[in-house]
Amino acid sequence: MKQFFEKIFDNRTSILIGLVILCLWSLFDLKNLKIDAVPDISSKQVVVNTKTGALSTEQIEKIVTYPIETELSGLQNIKELRSLSKYGLSQVIAVFNDDIDIYFARQLVNERLQNVKSQLPQSVTTELAPISTGLGEIFMWTLSLKEGSPLLQTSQKEQLQYLKRVQDYVIRPPMKQVPGVAEIDTNGGFSSEVHINFTPKKLKEYGLTTNDILQSVSSLGVSFSGGYIKKDGQHITVSAQTDTKT
């Protein structure tokens, strides 16, 4: 063995070639090495958010948070379950082992959520929070009207309604397609609403109830397929749209 190493060290060409290979290999690894001044040590977690509407905190815990937390318990590679119940929101956080793929973990959680949806009130909506960590950067911006805009002559409420529509339908959709963007939230502004005011006495005179009004409004704008018509080489789709009047 001693003679073997002596022959190697006596061969300067072999040492030089080995050194060059080692340097090239080191440069290649260094180029692909992820270096961060603040490494991301966040755990692999999936957050389930449920908008609970007007339910009380006690109801949220009993009929929303507890069923979801029970359904998620026992998932493979799960390490910890945490939950939060407050007015308007139920949040369940499932923490997984670090070696699991985050997309596989989200798939497991989503499959369990399909099983528990039938147990939840119809008024609640459940969704998975976007994939992000505590080290993700947060950018904030504000929208305002340009100088000389005709909308400056309108009320503040109308201005905020317009700006919210711009944020939701003009800015938000293309921004969500930017690589690396996890979620875009809107804060402030007023949503456009249609208020229907009715007089109970008048409804009674026409033999109508509040449920009749609600059913009529809920069916407005609904289209129903009527098949299609072929004429002169053209394919014409027929549809019927409700136009309820009360």
# chains A, B, ... in the order shown; residues from 1 in each chain; ligands from 1
>>> select_by_dssp(residues="range 17-220 of chain A", states="alpha helix (DSSP H)", output="VMD selection string")
chain A and resid 17 to 32 57 to 60 66 to 72 102 to 116 156 to 166 172 to 176 200 to 205 210 to 218
>>> select_by_dssp(residues="range 131-231 of chain A", states="strand (DSSP E)", output="list in words")
Ser223, Phe224, Ser225, Gly226, Gly227, Tyr228, Ile229, Lys230 and Lys231 of chain A
>>> residues_around(residues="range 193-205 of chain A", least_positions_apart="3", cutoff="10 Å", atoms="only C-alpha atoms", output="PyMOL selection string")
chain A and resi 161+190+208-210+212-213+217+246
>>> write_last_selection(atoms="N, CA and C atoms", output="compact mmCIF listing (two decimals), in the first residue's frame")
# COMPACT_ATOMS: atom_id res chain seq x y z
N GLN A 161 -65.64 52.16 -4.50
CA GLN A 161 -66.23 51.05 -5.25
C GLN A 161 -65.50 50.86 -6.58
N PHE A 190 -65.18 49.22 -1.29
CA PHE A 190 -66.56 48.78 -1.15
C PHE A 190 -66.94 47.91 -2.34
N LEU A 208 -97.59 37.16 -1.76
CA LEU A 208 -96.18 36.76 -1.83
C LEU A 208 -95.57 36.72 -0.45
N THR A 209 -94.46 35.99 -0.33
CA THR A 209 -93.71 35.91 0.92
C THR A 209 -92.26 36.30 0.66
N THR A 210 -91.50 36.41 1.74
CA THR A 210 -90.09 36.75 1.62
C THR A 210 -89.33 35.66 0.86
N ASP A 212 -90.46 33.89 -1.57
CA ASP A 212 -90.72 34.08 -3.00
C ASP A 212 -89.74 35.09 -3.59
N ILE A 213 -89.48 36.15 -2.85
CA ILE A 213 -88.52 37.16 -3.32
C ILE A 213 -87.12 36.56 -3.43
N VAL A 217 -84.93 36.16 -6.93
CA VAL A 217 -83.64 36.83 -7.10
C VAL A 217 -82.53 35.81 -7.38
N THR A 246 -91.66 39.96 -10.19
CA THR A 246 -92.59 39.81 -9.09
C THR A 246 -93.21 41.16 -8.79
>>> atom_distance(atom1="CA of Thr57 in chain A", atom2="CA of Ser118 in chain A")
20.5 Å
>>> atom_distance(atom1="CA of Thr65 in chain A", atom2="CA of Gln45 in chain A")
17.0 Å
>>> atom_distance(atom1="CA of Ile60 in chain A", atom2="CA of Gln122 in chain A")
13.1 Å
